file query.txt (compact mmCIF, C-alpha atoms)
# COMPACT_ATOMS: atom_id res chain seq x y z
CA MET A 1 -10.76 11.44 -10.73
CA ALA A 2 -10.72 7.66 -10.45
CA VAL A 3 -12.78 5.59 -12.87
CA ILE A 4 -14.76 2.75 -11.30
CA HIS A 5 -14.89 -0.19 -13.71
CA LYS A 6 -17.98 -2.37 -13.61
CA THR A 7 -16.17 -5.66 -14.15
CA THR A 8 -14.96 -8.83 -12.47
CA LEU A 9 -12.32 -9.23 -9.77
CA THR A 10 -11.02 -12.76 -9.16
CA PRO A 11 -10.66 -13.52 -6.31
CA GLY A 12 -12.94 -10.84 -4.91
CA LYS A 13 -12.06 -8.34 -2.20
CA LEU A 14 -14.13 -10.06 0.49
CA GLU A 15 -12.49 -13.39 -0.29
CA LEU A 16 -9.04 -11.85 0.09
CA LEU A 17 -9.99 -10.09 3.32
CA ALA A 18 -11.58 -13.19 4.85
CA SER A 19 -8.20 -14.94 4.64
CA TRP A 20 -6.20 -11.92 5.83
CA LEU A 21 -8.28 -10.48 8.69
CA PRO A 22 -7.78 -13.24 11.30
CA SER A 23 -4.02 -12.57 11.33
CA GLN A 24 -4.45 -8.91 12.28
CA PRO A 25 -4.04 -7.84 15.95
CA TRP A 26 -7.23 -5.74 15.80
CA TYR A 27 -9.44 -8.58 14.56
CA GLU A 28 -11.84 -9.48 17.37
CA GLY A 29 -13.27 -12.68 15.94
CA GLY A 30 -10.81 -15.02 17.61
CA GLU A 31 -10.43 -18.30 15.78
CA ARG A 32 -13.65 -17.88 13.80
CA HIS A 33 -13.51 -17.60 10.04
CA PRO A 34 -14.95 -14.20 9.06
CA GLU A 35 -18.31 -13.97 7.31
CA LEU A 36 -17.92 -10.62 5.60
CA ALA A 37 -20.27 -8.21 3.88
CA ARG A 38 -19.57 -4.83 2.36
CA ALA A 39 -20.87 -2.06 4.60
CA GLY A 40 -19.63 1.19 3.05
CA GLY A 41 -16.61 3.41 2.65
CA PHE A 42 -15.17 5.92 0.22
CA ARG A 43 -12.26 6.46 -2.16
CA LEU A 44 -9.46 8.98 -2.63
CA ASP A 45 -7.73 9.84 -5.89
CA ASP A 46 -4.04 9.27 -6.50
CA PRO A 47 -2.82 12.52 -8.15
CA GLN A 48 -0.62 10.42 -10.45
CA GLY A 49 -3.51 8.16 -11.45
CA GLU A 50 -1.54 4.99 -10.80
CA VAL A 51 -2.78 3.63 -7.44
CA GLY A 52 -6.36 2.85 -6.47
CA ILE A 53 -7.21 4.04 -2.94
CA GLU A 54 -10.25 2.76 -1.05
CA PHE A 55 -11.34 3.00 2.58
CA MET A 56 -13.58 -0.06 2.87
CA VAL A 57 -15.85 -0.95 5.77
CA VAL A 58 -16.73 -4.63 6.12
CA THR A 59 -19.03 -6.24 8.66
CA ASP A 60 -18.21 -9.65 10.12
CA ASP A 61 -21.34 -11.58 11.07
CA SER A 62 -19.61 -14.77 12.24
CA GLY A 63 -20.07 -14.09 15.97
CA ASP A 64 -22.91 -13.41 18.34
CA GLU A 65 -22.88 -9.72 17.41
CA PRO A 66 -21.79 -8.20 14.09
CA LEU A 67 -18.50 -6.28 14.10
CA SER A 68 -17.51 -3.62 11.59
CA TYR A 69 -13.91 -3.10 10.50
CA LEU A 70 -12.24 -0.31 8.54
CA VAL A 71 -9.72 -1.58 5.99
CA PRO A 72 -7.86 1.03 3.92
CA LEU A 73 -6.79 -0.64 0.68
CA THR A 74 -4.53 0.20 -2.22
CA TYR A 75 -4.57 -1.45 -5.63
CA ARG A 76 -1.42 -1.48 -7.74
CA GLY A 77 -0.48 -2.75 -11.18
CA THR A 78 2.98 -3.82 -9.95
CA PRO A 79 4.27 -4.86 -6.51
CA LEU A 80 5.17 -2.14 -4.00
CA ASP A 81 8.85 -2.45 -3.13
CA GLY A 82 9.53 -3.42 0.47
CA ALA A 83 5.88 -4.01 1.31
CA ASP A 84 5.54 -7.79 1.22
CA HIS A 85 4.43 -7.71 4.87
CA ALA A 86 1.47 -5.50 3.89
CA LEU A 87 0.31 -7.55 0.89
CA ILE A 88 -3.26 -8.80 1.34
CA GLY A 89 -3.25 -10.74 -1.91
CA THR A 90 -3.28 -10.58 -5.69
CA THR A 91 -6.31 -10.57 -7.93
CA GLU A 92 -7.22 -10.41 -11.61
CA HIS A 93 -9.14 -7.31 -12.70
CA GLY A 94 -11.34 -7.77 -15.76
CA VAL A 95 -10.10 -4.53 -17.34
CA LEU A 96 -6.77 -3.65 -15.69
CA GLY A 97 -5.31 -7.15 -15.38
CA PRO A 98 -3.26 -8.33 -12.38
CA ARG A 99 -3.60 -6.17 -9.26
CA TRP A 100 -1.62 -6.27 -6.02
CA VAL A 101 -3.84 -5.42 -3.04
CA TYR A 102 -2.19 -3.89 0.03
CA ASP A 103 -3.07 -2.82 3.54
CA GLY A 104 -3.07 0.87 2.66
CA THR A 105 -1.76 2.04 6.03
CA HIS A 106 1.64 0.79 4.78
CA ASP A 107 1.34 2.42 1.34
CA PRO A 108 2.92 5.89 1.05
CA VAL A 109 0.46 6.97 -1.64
CA LEU A 110 -2.55 6.32 0.60
CA VAL A 111 -0.86 7.91 3.61
CA ALA A 112 -0.09 11.07 1.65
CA GLN A 113 -3.68 11.35 0.41
CA LEU A 114 -5.11 10.65 3.86
CA LEU A 115 -2.99 13.50 5.21
CA ALA A 116 -4.25 15.69 2.35
CA LEU A 117 -7.84 14.76 3.23
CA LEU A 118 -7.28 15.64 6.88
CA GLN A 119 -5.89 19.03 5.85
CA GLY A 120 -8.73 19.76 3.44
CA GLU A 121 -6.61 19.30 0.32
CA ALA A 122 -8.19 16.12 -1.08
CA GLU A 123 -11.84 15.50 -1.90
CA PRO A 124 -13.38 12.18 -0.86
CA GLN A 125 -15.01 10.24 -3.66
CA ALA A 126 -17.98 7.87 -3.73
CA GLN A 127 -16.96 4.26 -3.25
CA SER A 128 -18.75 2.79 -6.28
CA GLU A 129 -19.35 5.69 -8.70
CA SER A 130 -16.87 7.39 -11.02
CA ASN A 131 -16.24 11.15 -10.72
CA THR A 132 -18.66 11.55 -7.81
CA PRO A 133 -17.62 13.40 -4.63
CA ASP A 134 -18.88 12.02 -1.29
CA PRO A 135 -19.99 14.95 0.90
CA THR A 136 -20.86 12.64 3.81
CA VAL A 137 -17.14 12.22 4.58
CA VAL A 138 -16.15 15.06 6.92
CA SER A 139 -12.61 16.09 7.83
CA GLY A 140 -11.00 18.80 9.93
CA PHE A 141 -7.50 19.84 10.97
CA THR A 142 -6.26 22.34 13.56
CA GLY A 143 -2.58 21.42 13.91
CA PRO A 144 0.51 22.67 12.04
CA ARG A 145 -0.02 22.08 8.33
CA SER A 146 2.43 19.96 6.36
CA THR A 147 3.08 21.56 2.97
CA GLY A 148 5.90 19.39 1.69
CA PRO A 149 5.72 15.79 0.45
CA VAL A 150 5.51 12.88 2.87
CA THR A 151 9.10 11.74 3.37
CA SER A 152 8.43 8.67 5.50
CA ALA A 153 5.59 6.73 7.10
CA ALA A 154 5.65 3.76 9.46
CA ALA A 155 2.50 1.89 10.54
CA THR A 156 2.08 -0.06 13.78
CA SER A 157 -1.12 -1.96 14.57
CA GLY A 158 -2.59 -2.60 18.02
CA PRO A 159 -5.78 -4.16 19.42
CA ARG A 160 -8.24 -1.66 17.88
CA CYS A 161 -6.28 0.71 15.66
CA THR A 162 -3.26 1.33 13.47
CA ASP A 163 -0.96 4.28 14.19
CA ILE A 164 0.94 5.77 11.26
CA ALA A 165 3.97 7.90 12.16
CA VAL A 166 4.24 10.38 9.30
CA ARG A 167 7.01 12.82 8.46
CA ALA A 168 6.67 15.54 5.85
CA GLY A 169 9.32 17.82 4.43
CA THR A 170 8.02 21.17 5.64
CA VAL A 171 5.53 22.41 8.22
CA VAL A 172 3.59 25.67 8.44
CA PRO A 173 2.54 26.39 12.05
CA GLU A 174 -1.06 27.52 12.50
CA GLY A 175 -1.29 31.32 12.41
CA THR A 176 2.14 31.90 10.85
CA VAL A 177 2.40 35.22 8.96
CA ALA A 178 5.11 36.06 6.46
CA PRO A 179 7.54 38.92 7.18
CA GLY A 180 5.95 42.27 6.40
CA GLY A 181 2.47 40.90 7.05
CA SER A 182 1.94 39.51 3.55
CA ALA A 183 -0.64 36.79 3.02
CA GLU A 184 2.00 34.43 1.69
CA VAL A 185 3.03 32.00 4.43
CA PRO A 186 6.70 30.94 4.43
CA GLN A 187 7.67 27.30 4.57
CA ARG A 188 9.82 26.20 7.49
CA ASP A 189 12.89 24.16 6.63
CA GLN A 190 12.28 21.40 9.13
CA ASP A 191 11.07 17.82 9.29
CA GLY A 192 7.51 17.83 10.64
CA GLY A 193 6.01 14.74 12.25
CA LEU A 194 2.58 13.63 13.32
CA VAL A 195 0.73 10.41 14.09
CA ILE A 196 -2.43 9.44 12.19
CA ARG A 197 -4.53 6.89 14.06
CA VAL A 198 -6.78 4.74 11.88
CA ASN A 199 -9.62 3.20 13.88
CA ARG A 200 -9.98 -0.41 12.76
CA VAL A 201 -12.98 -1.45 14.87
CA LEU A 202 -15.89 0.91 14.20
CA LEU A 203 -18.61 1.50 16.78
CA PRO A 204 -21.77 3.40 15.81
CA GLY A 205 -21.99 6.89 17.25
CA GLU A 206 -18.34 7.21 18.30
CA GLU A 207 -17.69 10.70 16.92
CA ASP A 208 -15.86 12.34 19.83
CA THR A 209 -12.63 13.93 18.55
CA THR A 210 -11.75 15.86 21.71
CA GLY A 211 -8.01 16.44 21.92
CA ALA A 212 -7.32 15.43 18.32
CA GLN A 213 -5.55 17.83 15.98
CA GLY A 214 -7.45 16.41 13.03
CA HIS A 215 -10.16 13.90 12.20
CA VAL A 216 -12.10 12.09 9.47
CA THR A 217 -15.64 10.93 10.17
CA ALA A 218 -17.77 8.92 7.78
CA GLY A 219 -20.68 6.52 7.63
CA TRP A 220 -21.48 2.91 6.89
CA ARG A 221 -24.48 0.56 7.01
CA LEU A 222 -25.31 -1.80 9.85
CA PRO A 223 -26.64 -5.29 8.97
CA ASP A 224 -30.24 -4.15 9.62
CA GLY A 225 -29.83 -1.33 7.09
CA THR A 226 -29.42 1.43 9.68
CA GLU A 227 -26.94 4.16 8.76
CA ALA A 228 -24.14 4.64 11.31
CA ARG A 229 -21.29 7.13 11.66
CA SER A 230 -18.00 7.05 13.50
CA VAL A 231 -14.49 8.46 13.54
CA PHE A 232 -12.38 6.75 10.89
CA ALA A 233 -9.09 8.51 11.62
CA THR A 234 -7.56 11.14 13.92
CA VAL A 235 -4.31 13.03 14.20
CA GLN A 236 -3.14 12.12 17.69
CA THR A 237 0.11 13.88 18.48
CA ALA A 238 3.46 14.91 17.07
CA ALA A 239 5.77 12.08 16.12
CA PRO A 240 9.05 11.95 18.08
call {"tool": "encode", "arguments": {"input": "query.txt", "output": "structure tokens"}}
result
Amino acid sequence: MAVIHKTTLTPGKLELLASWLPSQPWYEGGERHPELARAGGFRLDDPQGEVGIEFMVVTDDSGDEPLSYLVPLTYRGTPLDGADHALIGTTEHGVLGPRWVYDGTHDPVLVAQLLALLQGEAEPQAQSESNTPDPTVVSGFTGPRSTGPVTSAAATSGPRCTDIAVRAGTVVPEGTVAPGGSAEVPQRDQDGGLVIRVNRVLLPGEEDTTGAQGHVTAGWRLPDGTEARSVFATVQTAAP
């Protein structure tokens, strides 16, 4: 499980995000400079222990009404090859040294762990405490299950969300039974695709997942301290 270091980060995450957010197609603040506050989120573990994975919710209070955004982040000790377009910025960690901070929807490690979370194979962790599961993060999946590694992922952002087209090496259709009726389910030698939609603009109470093959719902805090919940991510459809 990830260790959360109580140390300095220079520049801080909110400072990096305040410069990066206005250039995103889902940012609804127009020409205003964001006034950001942390509002919640959770973490996932990288099985290799190399990449930090955080799903951060920030609230922008620069407009007439506060707006909450979901920003999946990854933290790396070296640059991610071919991902300059997804780099949010670099920062100095008081314990780990230089860190490269990325929009995690473009990072294959985060995408693989998000898929694992959707399929019930990864346990969400508390955002600010080491070795502490977060039971308030709820996931479900009813589609064909991907059992092989993620072979490719491509993220495209729109006005309110980012769609990640994911392909995994093998797929097990729901309800498949091995020959002879054994409990062991065979892997299919095919390239399985799906689309994970990450909701970037969060609205309190939006928890309808009708028609989705999978979902992640979680909570965050509104500026007045009220706890809110919404859908963070869904599995929309099969990728072409």
call {"tool": "closest_residue", "arguments": {"input": "query.txt", "among": "A:Thr136, A:Thr210, A:Thr156, A:Thr217", "to": "Trp26 of chain A", "atoms": "all atoms listed in the file"}}
result
A:Thr156
call {"tool": "atom_distance", "arguments": {"input": "query.txt", "atom1": "atom CA of Gln236 of chain A", "atom2": "atom CA of Asn199 of chain A"}}
result
11.7 Å
call {"tool": "closest_residue", "arguments": {"input": "query.txt", "among": "A:Ser128, A:Thr209, A:Ser230, A:Thr142", "to": "Thr7 of chain A", "atoms": "all atoms listed in the file"}}
result
A:Ser128
call {"tool": "atom_distance", "arguments": {"input": "query.txt", "atom1": "atom CA of Leu44 of chain A", "atom2": "atom CA of Glu121 of chain A"}}
result
11.1 Å
call {"tool": "residues_near_point", "arguments": {"input": "query.txt", "point": "(-3.4, 13.8, 13.1)", "cutoff": "12 Å", "atoms": "all atoms listed in the file", "output": "PyMOL selection string"}}
result
chain A and resi 111+114-119+139-146+163-167+192-198+209+211-216+232-239
call {"tool": "residues_around", "arguments": {"input": "query.txt", "residues": "Trp20 of chain A", "least_positions_apart": "3", "cutoff": "10 Å", "atoms": "only C-alpha atoms", "output": "PyMOL selection string"}}
result
chain A and resi 14-17+23-24+27+34+87-89+103
call {"tool": "atom_distance", "arguments": {"input": "query.txt", "atom1": "atom CA of Gly49 of chain A", "atom2": "atom CA of Leu80 of chain A"}}
result
15.4 Å
call {"tool": "closest_residue", "arguments": {"input": "query.txt", "among": "A:Val137, A:Val109, A:Thr132, A:Trp100", "to": "Leu9 of chain A", "atoms": "all atoms listed in the file"}}
result
A:Trp100
call {"tool": "residues_around", "arguments": {"input": "query.txt", "residues": "Ala126 of chain A", "least_positions_apart": "2", "cutoff": "9 Å", "atoms": "only C-alpha atoms", "output": "PyMOL selection string"}}
result
chain A and resi 41-44+124+128-135
call {"tool": "closest_residue", "arguments": {"input": "query.txt", "among": "A:Gln127, A:Ala83, A:Gly120, A:Val201", "to": "His106 of chain A", "atoms": "only C-alpha atoms"}}
result
A:Ala83
call {"tool": "closest_residue", "arguments": {"input": "query.txt", "among": "A:Leu21, A:Ala112, A:Ala228, A:Val150", "to": "Glu206 of chain A", "atoms": "all atoms listed in the file"}}
result
A:Ala228
call {"tool": "residues_around", "arguments": {"input": "query.txt", "residues": "segment 219-226 of chain A", "least_positions_apart": "2", "cutoff": "6 Å", "atoms": "only C-alpha atoms", "output": "NGL selection string"}}
result
:A and (39-40 or 228-229)
call {"tool": "closest_residue", "arguments": {"input": "query.txt", "among": "A:Thr78, A:Thr90, A:Thr105, A:Gln113", "to": "Pro149 of chain A", "atoms": "only C-alpha atoms"}}
result
A:Gln113
